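Participant: Sharing work.txt here; it has compact mmCIF, C-alpha atoms.
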```txt
# COMPACT_ATOMS: atom_id res chain seq x y z
CA MET N 21 -17.37 -3.36 16.19
CA GLN N 22 -14.36 -5.68 16.04
CA PRO N 23 -13.97 -8.50 18.59
CA SER N 24 -12.52 -7.37 21.94
CA THR N 25 -10.10 -10.32 22.24
CA THR N 26 -7.27 -11.57 20.06
CA THR N 27 -8.64 -12.76 16.74
CA THR N 28 -7.45 -15.91 15.00
CA PRO N 29 -7.09 -15.98 11.20
CA ALA N 30 -9.99 -18.44 11.07
CA GLU N 31 -12.22 -16.09 13.07
CA LEU N 32 -11.28 -13.16 10.87
CA ARG N 33 -11.99 -15.21 7.76
CA ALA N 34 -15.43 -16.12 9.11
CA ASP N 35 -16.27 -12.41 9.32
CA ILE N 36 -15.40 -11.73 5.64
CA PRO N 37 -18.52 -12.47 3.55
CA ALA N 38 -16.63 -12.57 0.25
CA LEU N 39 -14.48 -15.48 1.44
CA GLN N 40 -17.36 -17.77 2.27
CA GLN N 41 -17.35 -19.34 -1.16
CA GLY N 42 -14.57 -19.97 -3.65
CA THR N 43 -10.82 -19.59 -3.17
CA TYR N 44 -9.66 -15.99 -3.08
CA LEU N 45 -5.93 -15.43 -3.63
CA ASN N 46 -5.75 -11.85 -4.89
CA PHE N 47 -5.11 -9.80 -1.76
CA GLY N 48 -2.20 -8.02 -3.44
CA ALA N 49 -4.81 -6.29 -5.60
CA HIS N 50 -7.83 -6.06 -3.29
CA GLY N 51 -8.58 -7.42 0.15
CA PRO N 52 -12.29 -8.08 0.77
CA SER N 53 -13.37 -6.43 4.02
CA PRO N 54 -14.71 -8.02 7.20
CA LYS N 55 -18.27 -7.15 8.02
CA TYR N 56 -17.33 -4.93 10.98
CA VAL N 57 -14.98 -2.82 8.82
CA VAL N 58 -17.85 -2.09 6.44
CA ASP N 59 -20.16 -1.55 9.42
CA ALA N 60 -17.77 1.06 10.86
CA ALA N 61 -17.95 3.06 7.64
CA ASP N 62 -21.73 2.69 7.46
CA GLU N 63 -22.17 3.81 11.06
CA PHE N 64 -20.02 6.88 10.48
CA VAL N 65 -21.98 7.87 7.37
CA ARG N 66 -25.24 7.55 9.28
CA GLU N 67 -23.89 9.62 12.17
CA HIS N 68 -22.47 12.24 9.82
CA GLU N 69 -25.58 12.56 7.68
CA TYR N 70 -28.40 11.87 10.14
CA GLU N 71 -27.19 13.06 13.55
CA SER N 72 -24.44 15.68 13.09
CA PRO N 73 -26.57 18.26 11.23
CA ILE N 74 -28.89 18.64 14.23
CA GLY N 75 -26.34 17.94 16.96
CA ASP N 76 -22.61 18.13 16.50
CA HIS N 77 -21.43 20.12 13.47
CA PRO N 78 -20.80 17.82 10.44
CA TYR N 79 -17.35 19.35 9.92
CA GLU N 80 -16.42 18.71 13.55
CA THR N 81 -17.58 15.12 13.22
CA ALA N 82 -15.47 14.69 10.09
CA PHE N 83 -12.37 16.37 11.50
CA ARG N 84 -12.59 14.29 14.68
CA ALA N 85 -12.67 11.14 12.54
CA PHE N 86 -9.69 12.30 10.48
CA ASP N 87 -7.71 13.10 13.64
CA ARG N 88 -8.40 9.70 15.18
CA THR N 89 -7.36 7.90 12.02
CA ARG N 90 -4.13 9.90 11.66
CA GLU N 91 -3.26 8.97 15.24
CA ARG N 92 -4.05 5.28 14.67
CA VAL N 93 -2.10 5.09 11.42
CA ALA N 94 0.85 6.87 13.06
CA SER N 95 1.00 4.38 15.92
CA PHE N 96 0.70 1.49 13.43
CA VAL N 97 3.65 2.57 11.25
CA GLY N 98 5.90 4.10 13.90
CA ALA N 99 5.33 7.79 13.15
CA ASP N 100 3.83 10.84 14.83
CA ALA N 101 0.31 11.94 13.95
CA ASP N 102 1.47 15.18 12.32
CA GLU N 103 3.59 13.12 9.91
CA ILE N 104 0.53 11.36 8.47
CA ALA N 105 -1.69 12.65 5.67
CA LEU N 106 -4.88 10.83 4.75
CA THR N 107 -5.07 10.17 1.02
CA GLU N 108 -7.23 8.31 -1.44
CA SER N 109 -4.58 5.78 -2.42
CA THR N 110 -0.89 4.96 -2.78
CA THR N 111 -0.98 6.58 -6.21
CA ALA N 112 -2.39 9.76 -4.70
CA GLY N 113 0.36 9.81 -2.09
CA ILE N 114 3.16 9.42 -4.61
CA ASN N 115 1.64 12.12 -6.79
CA ALA N 116 1.26 14.44 -3.80
CA VAL N 117 4.99 14.27 -3.11
CA ALA N 118 5.94 14.47 -6.79
CA ASN N 119 3.80 17.57 -7.25
CA ALA N 120 5.20 19.34 -4.19
CA ILE N 121 8.77 19.57 -5.49
CA ASP N 122 10.10 22.56 -7.40
CA TRP N 123 11.37 20.63 -10.41
CA GLN N 124 13.89 22.08 -12.81
CA PRO N 125 14.82 20.75 -16.27
CA GLY N 126 17.67 18.30 -15.87
CA ASP N 127 16.61 17.12 -12.40
CA VAL N 128 16.86 13.34 -12.03
CA VAL N 129 14.38 10.80 -10.66
CA VAL N 130 15.45 7.19 -10.15
CA ARG N 131 13.10 4.24 -9.94
CA THR N 132 13.48 0.51 -10.45
CA ASP N 133 11.97 -1.62 -13.20
CA LEU N 134 9.91 -3.37 -10.51
CA GLU N 135 7.53 -0.50 -9.87
CA HIS N 136 3.75 -0.55 -10.12
CA PRO N 137 2.24 2.09 -12.45
CA ALA N 138 1.68 4.16 -9.29
CA GLY N 139 5.46 4.54 -9.13
CA ILE N 140 5.92 5.04 -12.87
CA LEU N 141 3.25 7.36 -14.26
CA PRO N 142 3.94 10.44 -12.07
CA TRP N 143 7.56 10.44 -13.25
CA GLN N 144 6.57 9.90 -16.87
CA ARG N 145 4.55 13.09 -16.67
CA LEU N 146 7.55 14.98 -15.32
CA GLU N 147 9.64 13.81 -18.27
CA ARG N 148 7.50 16.14 -20.40
CA ASP N 149 8.89 19.03 -18.35
CA GLY N 150 12.50 18.01 -18.88
CA VAL N 151 13.03 15.85 -15.79
CA GLU N 152 15.23 12.83 -16.45
CA VAL N 153 13.90 9.47 -15.25
CA ARG N 154 16.43 6.68 -14.77
CA VAL N 155 15.28 3.09 -14.45
CA VAL N 156 17.48 0.68 -12.52
CA GLU N 157 17.28 -2.75 -14.12
CA THR N 158 16.90 -5.67 -11.74
CA GLU N 159 17.07 -9.43 -11.82
CA ALA N 160 14.52 -11.82 -10.31
CA GLY N 161 13.07 -9.06 -8.15
CA ARG N 162 16.43 -8.06 -6.69
CA VAL N 163 18.20 -4.70 -6.77
CA ASP N 164 21.97 -4.53 -7.16
CA LEU N 165 22.92 -1.84 -4.64
CA GLU N 166 26.06 -0.81 -6.50
CA ARG N 167 24.08 -0.26 -9.69
CA PHE N 168 21.46 1.60 -7.67
CA ALA N 169 24.10 3.85 -6.09
CA GLU N 170 25.52 4.70 -9.50
CA ALA N 171 22.07 5.68 -10.76
CA VAL N 172 21.22 7.93 -7.81
CA ALA N 173 24.57 9.73 -7.56
CA ASP N 174 23.10 13.00 -8.88
CA ALA N 175 19.38 12.31 -8.35
CA SER N 176 16.81 14.57 -6.70
CA VAL N 177 14.32 11.81 -5.87
CA VAL N 178 14.35 8.03 -5.71
CA CYS N 179 11.14 6.00 -5.67
CA PHE N 180 10.96 2.26 -5.06
CA SER N 181 8.73 -0.42 -3.55
CA ALA N 182 9.30 -2.00 -0.16
CA VAL N 183 7.78 -5.27 -1.40
CA THR N 184 7.71 -5.82 -5.15
CA TRP N 185 4.31 -6.49 -6.70
CA THR N 186 6.05 -8.47 -9.46
CA HIS N 187 7.95 -11.06 -7.42
CA GLY N 188 6.98 -10.57 -3.78
CA THR N 189 10.59 -9.83 -2.86
CA ARG N 190 11.45 -7.50 0.00
CA LEU N 191 13.85 -4.78 -1.06
CA PRO N 192 16.50 -3.56 1.42
CA VAL N 193 14.63 -0.36 2.15
CA ALA N 194 16.91 1.07 4.84
CA ASP N 195 20.03 0.42 2.74
CA MET N 196 18.48 2.02 -0.34
CA VAL N 197 17.33 5.01 1.69
CA ASP N 198 20.85 5.45 3.05
CA ILE N 199 22.26 5.40 -0.48
CA ALA N 200 19.70 7.98 -1.58
CA HIS N 201 20.48 10.24 1.36
CA ASP N 202 24.21 9.96 0.78
CA ALA N 203 23.52 11.31 -2.71
CA GLY N 204 21.33 14.11 -1.33
CA ALA N 205 18.16 12.62 -2.82
CA LEU N 206 14.70 12.41 -1.29
CA ALA N 207 13.63 8.79 -0.70
CA LEU N 208 9.98 7.95 -1.45
CA VAL N 209 8.79 4.40 -0.74
CA ASP N 210 5.74 2.62 -2.17
CA ALA N 211 4.72 0.40 0.75
CA VAL N 212 1.26 -0.68 -0.31
CA GLN N 213 2.13 -4.41 -0.22
CA VAL N 214 3.40 -4.21 3.37
CA PRO N 215 0.75 -3.22 5.95
CA GLY N 216 -1.47 -6.12 6.91
CA GLN N 217 0.99 -8.88 6.10
CA LEU N 218 4.41 -7.65 7.29
CA PRO N 219 5.68 -5.32 10.04
CA MET N 220 6.08 -1.68 9.03
CA ASP N 221 8.21 0.87 10.86
CA VAL N 222 8.95 4.05 8.95
CA ARG N 223 11.53 5.12 11.53
CA GLU N 224 13.58 1.97 10.88
CA TRP N 225 13.39 2.58 7.15
CA GLY N 226 14.46 6.19 7.50
CA ALA N 227 12.57 7.18 4.34
CA ASP N 228 11.50 10.76 3.74
CA ALA N 229 8.05 9.71 2.56
CA VAL N 230 6.08 6.46 2.46
CA ALA N 231 2.83 5.96 0.54
CA ALA N 232 0.41 3.11 1.24
CA ALA N 233 -3.26 2.18 1.38
CA GLY N 234 -5.62 -0.03 3.33
CA HIS N 235 -7.62 -1.80 0.62
CA LYS N 236 -5.21 -4.71 0.13
CA TRP N 237 -3.73 -6.74 3.00
CA LEU N 238 -5.32 -4.54 5.67
CA LEU N 239 -8.77 -5.51 4.34
CA GLY N 240 -10.01 -1.93 4.43
CA LEU N 241 -12.09 -0.01 1.90
CA TRP N 242 -11.09 1.66 -1.34
CA GLY N 243 -10.26 5.30 -0.69
CA GLY N 244 -8.49 4.69 2.62
CA GLY N 245 -4.90 5.60 1.75
CA PHE N 246 -2.23 7.27 3.82
CA LEU N 247 1.04 9.11 3.32
CA TYR N 248 3.88 9.42 5.82
CA VAL N 249 6.16 12.43 5.38
CA ALA N 250 8.95 13.06 7.88
CA ARG N 251 8.30 16.30 9.74
CA ASP N 252 11.42 18.13 8.55
CA VAL N 253 10.86 16.99 4.97
CA ALA N 254 7.22 18.15 4.92
CA GLU N 255 8.27 21.67 5.80
CA ARG N 256 10.37 21.80 2.61
CA LEU N 257 7.57 20.66 0.29
CA GLU N 258 4.89 22.92 -1.22
CA PRO N 259 1.87 21.04 -2.59
CA ARG N 260 0.41 22.34 -5.85
CA THR N 261 -3.10 21.38 -4.78
CA VAL N 262 -4.30 23.46 -1.83
CA GLY N 263 -7.56 23.56 0.12
CA TYR N 264 -8.87 24.41 3.55
CA ARG N 265 -7.41 21.24 5.09
CA SER N 266 -3.99 22.06 3.63
CA VAL N 267 -3.48 25.35 5.43
CA GLU N 268 -3.37 26.73 8.95
CA THR N 269 -6.05 29.40 8.42
CA PRO N 270 -8.21 29.08 5.29
CA SER N 271 -9.18 32.77 5.33
CA ALA N 272 -5.59 34.06 5.68
CA ASP N 273 -4.01 35.97 2.80
CA PRO N 274 -1.32 34.93 2.23
CA TYR N 275 -2.01 31.41 3.52
CA GLU N 276 0.43 29.23 5.41
CA TYR N 277 0.60 25.51 4.80
CA ALA N 278 -0.49 23.35 7.70
CA ALA N 279 2.37 22.03 9.77
CA GLY N 280 3.62 18.58 8.86
CA ALA N 281 1.98 16.15 6.48
CA ARG N 282 -1.52 17.59 6.80
CA ARG N 283 -0.56 20.07 4.07
CA PHE N 284 -1.12 17.19 1.62
CA GLU N 285 -4.80 16.94 2.50
CA VAL N 286 -7.09 19.19 0.49
CA GLY N 287 -10.86 19.43 0.95
CA SER N 288 -14.08 17.65 1.86
CA ALA N 289 -13.09 14.04 1.26
CA ASN N 290 -15.42 11.36 2.58
CA PRO N 291 -14.08 10.28 6.01
CA ALA N 292 -15.83 6.88 5.87
CA PRO N 293 -12.98 4.97 4.16
CA HIS N 294 -10.57 6.30 6.75
CA VAL N 295 -12.90 5.37 9.59
CA ALA N 296 -12.88 1.89 8.05
CA LEU N 297 -9.08 2.04 7.80
CA ARG N 298 -8.83 2.68 11.52
CA GLU N 299 -11.11 -0.26 12.22
CA ALA N 300 -9.14 -2.48 9.83
CA ILE N 301 -5.87 -1.63 11.57
CA ASP N 302 -7.40 -2.40 14.96
CA VAL N 303 -8.53 -5.79 13.63
CA ILE N 304 -5.32 -6.80 11.86
CA ASP N 305 -3.24 -5.76 14.88
CA ASP N 306 -5.01 -8.55 16.81
CA VAL N 307 -4.19 -11.22 14.21
CA GLU N 308 -0.87 -13.00 13.78
CA THR N 309 -0.21 -12.54 10.06
CA GLU N 310 3.49 -12.59 9.16
CA ASP N 311 4.41 -16.16 10.13
CA ARG N 312 1.19 -17.62 8.80
CA VAL N 313 1.46 -15.75 5.49
CA ARG N 314 5.00 -17.03 5.00
CA ARG N 315 4.03 -20.56 5.97
CA LEU N 316 1.15 -20.67 3.49
CA ALA N 317 3.17 -18.97 0.76
CA GLY N 318 5.96 -21.47 1.41
CA ARG N 319 3.52 -24.33 1.01
CA LEU N 320 2.54 -22.91 -2.36
CA ALA N 321 6.12 -22.29 -3.48
CA ASP N 322 7.14 -25.82 -2.47
CA GLY N 323 4.49 -27.24 -4.78
CA VAL N 324 5.56 -25.26 -7.86
CA PRO N 325 8.29 -26.71 -10.11
CA ALA N 326 11.52 -24.78 -9.66
CA ASP N 327 11.63 -23.73 -13.31
CA ARG N 328 8.13 -22.26 -13.00
CA LEU N 329 8.60 -20.34 -9.74
CA LEU N 330 9.52 -16.68 -10.32
CA SER N 331 9.38 -15.68 -6.65
CA PRO N 332 11.94 -16.79 -4.05
CA SER N 333 11.78 -20.48 -3.15
CA THR N 334 11.51 -19.29 0.45
CA PRO N 335 8.84 -16.60 0.09
CA GLU N 336 9.47 -13.19 1.62
CA SER N 337 5.81 -12.18 1.46
CA GLY N 338 2.45 -13.60 0.50
CA LEU N 339 3.01 -12.76 -3.19
CA VAL N 340 3.97 -15.82 -5.23
CA THR N 341 4.54 -15.41 -8.97
CA ILE N 342 4.34 -18.44 -11.25
CA ASP N 343 5.28 -18.89 -14.89
CA VAL N 344 2.55 -20.41 -17.08
CA ASP N 345 2.28 -20.57 -20.85
CA ASP N 346 -0.79 -18.34 -21.16
CA PRO N 347 -1.36 -16.29 -17.97
CA ALA N 348 -4.61 -14.62 -19.04
CA ALA N 349 -6.15 -17.93 -20.11
CA THR N 350 -5.01 -19.60 -16.90
CA VAL N 351 -6.56 -16.88 -14.74
CA GLU N 352 -9.80 -17.21 -16.67
CA ARG N 353 -9.79 -21.02 -16.33
CA LEU N 354 -9.14 -20.86 -12.60
CA ALA N 355 -11.82 -18.22 -12.10
CA ALA N 356 -14.34 -20.55 -13.75
CA ASP N 357 -13.36 -23.07 -11.08
CA GLY N 358 -13.82 -20.53 -8.27
CA ILE N 359 -10.13 -19.70 -7.76
CA VAL N 360 -9.34 -15.98 -7.94
CA LEU N 361 -5.84 -14.65 -8.64
CA ARG N 362 -4.38 -12.38 -11.33
CA ASP N 363 -2.01 -12.24 -14.26
CA LEU N 364 0.88 -9.78 -14.43
CA PRO N 365 2.16 -7.79 -17.40
CA SER N 366 5.81 -8.09 -16.39
CA PRO N 367 6.86 -10.75 -15.82
CA ASN N 368 4.19 -12.31 -18.02
CA ALA N 369 2.94 -14.69 -15.35
CA ILE N 370 0.24 -15.33 -12.77
CA ARG N 371 0.44 -14.12 -9.18
CA ALA N 372 -1.21 -15.63 -6.13
CA SER N 373 -1.52 -13.40 -3.05
CA VAL N 374 -1.77 -15.58 0.04
CA HIS N 375 -3.12 -13.95 3.20
CA ALA N 376 -3.26 -15.24 6.76
CA VAL N 377 -7.00 -15.78 6.27
CA ASN N 378 -6.33 -18.36 3.57
CA THR N 379 -6.09 -22.06 4.38
CA GLU N 380 -3.83 -24.98 3.56
CA ASN N 381 -6.68 -26.56 1.63
CA GLU N 382 -6.97 -23.49 -0.59
CA VAL N 383 -3.25 -23.56 -1.36
CA ASP N 384 -3.47 -27.27 -2.18
CA ARG N 385 -6.51 -26.67 -4.36
CA LEU N 386 -4.61 -24.08 -6.37
CA LEU N 387 -1.64 -26.41 -6.82
CA GLU N 388 -3.90 -29.21 -7.97
CA SER N 389 -5.63 -26.89 -10.44
CA LEU N 390 -2.26 -25.78 -11.83
CA GLN N 391 -1.08 -29.31 -12.59
CA PRO N 392 -2.09 -29.08 -16.28
CA GLU N 393 0.29 -26.10 -16.62
CA TRP N 394 3.39 -28.08 -15.80
```
Go ahead and render the structure in this file as C-alpha cells.
Facilitator:
Amino acid sequence: MQPSTTTTPAELRADIPALQQGTYLNFGAHGPSPKYVVDAADEFVREHEYESPIGDHPYETAFRAFDRTRERVASFVGADADEIALTESTTAGINAVANAIDWQPGDVVVRTDLEHPAGILPWQRLERDGVEVRVVETEAGRVDLERFAEAVADASVVCFSAVTWTHGTRLPVADMVDIAHDAGALALVDAVQVPGQLPMDVREWGADAVAAAGHKWLLGLWGGGFLYVARDVAERLEPRTVGYRSVETPSADPYEYAAGARRFEVGSANPAPHVALREAIDVIDDVETEDRVRRLAGRLADGVPADRLLSPSTPESGLVTIDVDDPAATVERLAADGIVLRDLPSPNAIRASVHAVNTENEVDRLLESLQPEW
C-alpha cells in the first residue's frame, strides 16, 4: 500500500524501480509505476482469481472495485461518480463519445492541428460517412479564439486538448468550451496530459466530456483510462457498443441504458488497471507536483537556445519541445547514453517530459548531452 503520510517527490521516485538507473524524461508517453501501484493490481488479481470464487462472487468483487475507482476518479477531477466511465484509454473515451452521436451527412466536427492521433482518427473515420472535419490552424501551440469561433459556428462537436502534446502549452479550455456552447456544439476535451502534473477540475472547464488516462503523469498502468460525461449530456448519447455494464437490466427487452456515464462501459474488462489507477491517484494526491514540474521544466527551457526552444520560454507544463537537426538520431544517441525522451512527428523535434520525480541533475545532464546539437 502507499505511504500513509505526505510523500515527497524523492520518496516517490525511490519507489519507482524503472527510475533507479538512467534518466527518464518521457512521462508524456508513459509513466513508469511505483511498486505499490503494481502491487495493488497484483493483489486484486490474486483476490479475484484465488479468493472470490470460493468466497465473495467474482462479479461482486469486480463491481465493487469499479465503483470505488469511479468514486475516486470523480473526487479527483471534480465530478460525481455517475459522471465517470472507466475506459481502456483516452482514445477509447474519445471514440465512445464519437460513436454515441447520431451523425448525419454534413454535420461538422472541429479540431485543432495540435491534436494527438487519439483526437484525429475517430473524426477521420466519420469523414467516410459524410461528416465534415475542420482543422483550426495554430501557431506555436496557441489557438486564436476568433479563428476558433469562426470554425465552430455551425459545428456539432469540437474536440481539443487541454495541454498540447506538441508544445506543452495549456489551451484556454473554459473559453473554448464557452465558444463551443454558444454555437450549440458539444465540447469534448482530451485531457491525458493533465492529471498527475496539473490541477484538473471538469466543473471549472464546463466541458461536456473529458477523456483521460492514468498511464502517463499519474504513473498508473496501461488500461486504466477514464471518461467524464456531464450527467445531462450522457442522457442524450446512445453508445453503439452495448453490454451488461452499459444497461440498467441486462435481461430487459427492450434494454435501457444505465444512468449517466456508466452507459459507456461494456463488459468484463479487467478491473486491475483501474484498481491501480485508484492507488496512483491516492499517491499523486500526496505529492506536490505542479510547482516542481514547472520549476524543473523552466530549468530545462532556460538552458535551451531561444531559437531551438519550441515550447514557451516559461513552461506551462512538464512538456518541453526542442528543435534539433535530426530528432530520431538524437533520441537514439541519447538513449545509448541512458537518457530517454521521444521525437515528435509535428513539429519535427524532440520532446522531454519532466515530472516532479525528476531531479535538477537529470535536467542538467540532458542539457549537457544536447550541447552538440546547438
Participant: Could you please determine the separation between atom CA of Gly51 of chain N and atom CA of Asp35 of chain N in Å, to one decimal place?
Facilitator: 13.0 Å
Participant: For a test of reading the model, state the distance in Å between atom CA of Ser181 of chain N and atom CA of Glu135 of chain N, rounded to one decimal.
Facilitator: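 Between atom CA of Ser181 of chain N and atom CA of Glu135 of chain N the gap works out to 6.4 Å.
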Participant: Quick one: of N:Arg167, N:His201, N:Arg190, N:Arg223, who's nearest to Gly98 of chain N, counting all atoms listed in the file?
Facilitator: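 Among the listed residues, N:Arg223 lies closest to Gly98 of chain N.
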Participant: Nearest to His235 of chain N: which of N:Asn378, N:Thr27, N:Thr110, N:Thr350 is it, counting all atoms listed in the file?
Facilitator: N:Thr110
Participant: Report, in Å with one decimal, the straight-line distance from atom CA of Val97 of chain N to atom CA of Arg84 of chain N.
Facilitator: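 So the answer is 20.3 Å.
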Participant: Taking only residues of segment 107-156 of chain N that have an atom at most 12 Å from an atom of segment 289-303 of chain N, what is each one's shortest atom pair and its distance in Å to one decimal, using all atoms listed in the file, in chain and number order, as a tab-separated table?
Facilitator:
```
residue	atom	partner	partner_atom	distance
N:Thr107	CA	N:His294	CA	8.8
N:Glu108	CA	N:Ala289	CA	8.6
N:Ser109	CA	N:Pro293	CA	10.7
```
Participant: With a distance cut-off of 9 Å and all atoms listed in the file, select the neighbouring residues of Gly48 of chain N, excluding the residue or stretch itself and same-chain residues fewer than 6 positions from it, and output the selection as a PDB file with C-alpha atoms, in the coordinates of the input.
Facilitator:
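The resulting file, out-v6.pdb, is reproduced below:
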```
ATOM      1  CA  TRP N 185       4.310  -6.490  -6.700  1.00  0.00           C
ATOM      2  CA  VAL N 212       1.260  -0.680  -0.310  1.00  0.00           C
ATOM      3  CA  GLN N 213       2.130  -4.410  -0.220  1.00  0.00           C
ATOM      4  CA  LYS N 236      -5.210  -4.710   0.130  1.00  0.00           C
ATOM      5  CA  TRP N 237      -3.730  -6.740   3.000  1.00  0.00           C
ATOM      6  CA  GLY N 338       2.450 -13.600   0.500  1.00  0.00           C
ATOM      7  CA  LEU N 339       3.010 -12.760  -3.190  1.00  0.00           C
ATOM      8  CA  ARG N 371       0.440 -14.120  -9.180  1.00  0.00           C
ATOM      9  CA  ALA N 372      -1.210 -15.630  -6.130  1.00  0.00           C
ATOM     10  CA  SER N 373      -1.520 -13.400  -3.050  1.00  0.00           C
ATOM     11  CA  VAL N 374      -1.770 -15.580   0.040  1.00  0.00           C
ATOM     12  CA  HIS N 375      -3.120 -13.950   3.200  1.00  0.00           C
TER      13      HIS N 375
END
```
Participant: Show me the residues around (1.3, -23.1, 0.7) - criterion: an atom at most 12 Å away, only C-alpha atoms counted - as a PDB file with C-alpha atoms, in the frame of the given file.
Facilitator:
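Output contents, as saved in out-v2.pdb:
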```
ATOM      1  CA  LEU N  45      -5.930 -15.430  -3.630  1.00  0.00           C
ATOM      2  CA  ARG N 312       1.190 -17.620   8.800  1.00  0.00           C
ATOM      3  CA  VAL N 313       1.460 -15.750   5.490  1.00  0.00           C
ATOM      4  CA  ARG N 314       5.000 -17.030   5.000  1.00  0.00           C
ATOM      5  CA  ARG N 315       4.030 -20.560   5.970  1.00  0.00           C
ATOM      6  CA  LEU N 316       1.150 -20.670   3.490  1.00  0.00           C
ATOM      7  CA  ALA N 317       3.170 -18.970   0.760  1.00  0.00           C
ATOM      8  CA  GLY N 318       5.960 -21.470   1.410  1.00  0.00           C
ATOM      9  CA  ARG N 319       3.520 -24.330   1.010  1.00  0.00           C
ATOM     10  CA  LEU N 320       2.540 -22.910  -2.360  1.00  0.00           C
ATOM     11  CA  ALA N 321       6.120 -22.290  -3.480  1.00  0.00           C
ATOM     12  CA  ASP N 322       7.140 -25.820  -2.470  1.00  0.00           C
ATOM     13  CA  GLY N 323       4.490 -27.240  -4.780  1.00  0.00           C
ATOM     14  CA  VAL N 324       5.560 -25.260  -7.860  1.00  0.00           C
ATOM     15  CA  SER N 333      11.780 -20.480  -3.150  1.00  0.00           C
ATOM     16  CA  THR N 334      11.510 -19.290   0.450  1.00  0.00           C
ATOM     17  CA  PRO N 335       8.840 -16.600   0.090  1.00  0.00           C
ATOM     18  CA  SER N 337       5.810 -12.180   1.460  1.00  0.00           C
ATOM     19  CA  GLY N 338       2.450 -13.600   0.500  1.00  0.00           C
ATOM     20  CA  LEU N 339       3.010 -12.760  -3.190  1.00  0.00           C
ATOM     21  CA  VAL N 340       3.970 -15.820  -5.230  1.00  0.00           C
ATOM     22  CA  ALA N 372      -1.210 -15.630  -6.130  1.00  0.00           C
ATOM     23  CA  SER N 373      -1.520 -13.400  -3.050  1.00  0.00           C
ATOM     24  CA  VAL N 374      -1.770 -15.580   0.040  1.00  0.00           C
ATOM     25  CA  HIS N 375      -3.120 -13.950   3.200  1.00  0.00           C
ATOM     26  CA  ALA N 376      -3.260 -15.240   6.760  1.00  0.00           C
ATOM     27  CA  ASN N 378      -6.330 -18.360   3.570  1.00  0.00           C
ATOM     28  CA  THR N 379      -6.090 -22.060   4.380  1.00  0.00           C
ATOM     29  CA  GLU N 380      -3.830 -24.980   3.560  1.00  0.00           C
ATOM     30  CA  ASN N 381      -6.680 -26.560   1.630  1.00  0.00           C
ATOM     31  CA  GLU N 382      -6.970 -23.490  -0.590  1.00  0.00           C
ATOM     32  CA  VAL N 383      -3.250 -23.560  -1.360  1.00  0.00           C
ATOM     33  CA  ASP N 384      -3.470 -27.270  -2.180  1.00  0.00           C
ATOM     34  CA  ARG N 385      -6.510 -26.670  -4.360  1.00  0.00           C
ATOM     35  CA  LEU N 386      -4.610 -24.080  -6.370  1.00  0.00           C
ATOM     36  CA  LEU N 387      -1.640 -26.410  -6.820  1.00  0.00           C
ATOM     37  CA  GLU N 388      -3.900 -29.210  -7.970  1.00  0.00           C
TER      38      GLU N 388
END
```
Participant: I need the residue nearest Ala173 of chain N from this list: N:Arg33, N:Arg256, N:His50, N:Arg154. Use only C-alpha atoms for the distance.
Facilitator: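 For Ala173 of chain N, the nearest of the given residues is N:Arg154.
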Participant: Nearest to Thr28 of chain N: which of N:Ile104, N:Ala118, N:Val197, N:Val307 is it, counting all atoms listed in the file?
Facilitator: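 When distances to Thr28 of chain N are compared using all atoms listed in the file, the smallest one comes from N:Val307.
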Participant: Which residues are close to segment 139-143 of chain N, i.e. within 10 Å by all atoms listed in the file, leaving aside same-chain residues fewer than 2 positions away? Reply as a tab-separated table (two decimals) with C-alpha atoms, keeping the file's coordinate frame.
Facilitator:
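Saved the output as part-v3.tsv:
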```
chain	number	residue	atom	x	y	z
N	110	THR	CA	-0.89	4.96	-2.78
N	111	THR	CA	-0.98	6.58	-6.21
N	112	ALA	CA	-2.39	9.76	-4.70
N	114	ILE	CA	3.16	9.42	-4.61
N	115	ASN	CA	1.64	12.12	-6.79
N	116	ALA	CA	1.26	14.44	-3.80
N	117	VAL	CA	4.99	14.27	-3.11
N	118	ALA	CA	5.94	14.47	-6.79
N	119	ASN	CA	3.80	17.57	-7.25
N	128	VAL	CA	16.86	13.34	-12.03
N	129	VAL	CA	14.38	10.80	-10.66
N	130	VAL	CA	15.45	7.19	-10.15
N	131	ARG	CA	13.10	4.24	-9.94
N	132	THR	CA	13.48	0.51	-10.45
N	133	ASP	CA	11.97	-1.62	-13.20
N	134	LEU	CA	9.91	-3.37	-10.51
N	135	GLU	CA	7.53	-0.50	-9.87
N	136	HIS	CA	3.75	-0.55	-10.12
N	137	PRO	CA	2.24	2.09	-12.45
N	145	ARG	CA	4.55	13.09	-16.67
N	146	LEU	CA	7.55	14.98	-15.32
N	147	GLU	CA	9.64	13.81	-18.27
N	148	ARG	CA	7.50	16.14	-20.40
N	151	VAL	CA	13.03	15.85	-15.79
N	152	GLU	CA	15.23	12.83	-16.45
N	153	VAL	CA	13.90	9.47	-15.25
N	154	ARG	CA	16.43	6.68	-14.77
N	155	VAL	CA	15.28	3.09	-14.45
N	179	CYS	CA	11.14	6.00	-5.67
N	180	PHE	CA	10.96	2.26	-5.06
N	181	SER	CA	8.73	-0.42	-3.55
N	208	LEU	CA	9.98	7.95	-1.45
N	209	VAL	CA	8.79	4.40	-0.74
N	210	ASP	CA	5.74	2.62	-2.17
```
Participant: For a cut-off of 10 Å around (8.1, 15.7, 8.2), file coordinates, pick out all residues using all atoms listed in the file and list them as a PyMOL selection string.
Facilitator: chain N and resi 99-100+102-104+228-229+248-257+279-282
Participant: Between N:Ala171, N:Leu329, N:Val351, N:Val177, which has the minimum distance to Asp363 of chain N (counting only C-alpha atoms)?
Facilitator: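 Closest candidate: N:Val351.
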Participant: Counting all atoms listed in the file, which residue out of N:Val344, N:Ala211, N:Leu361, N:Ala85 sits closest to Gly42 of chain N?
Facilitator: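 Smallest separation from Gly42 of chain N among the options: N:Leu361.
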Participant: Mind giving me the axis-aligned box for segment 127-140 of chain N with 4 Å on every side, centre plus edges in Å to one decimal, as AutoDock Vina command-line options?
Facilitator:
```
--center_x 9.3 --center_y 6.9 --center_z -11.2 --size_x 23.2 --size_y 28.5 --size_z 12.1
```
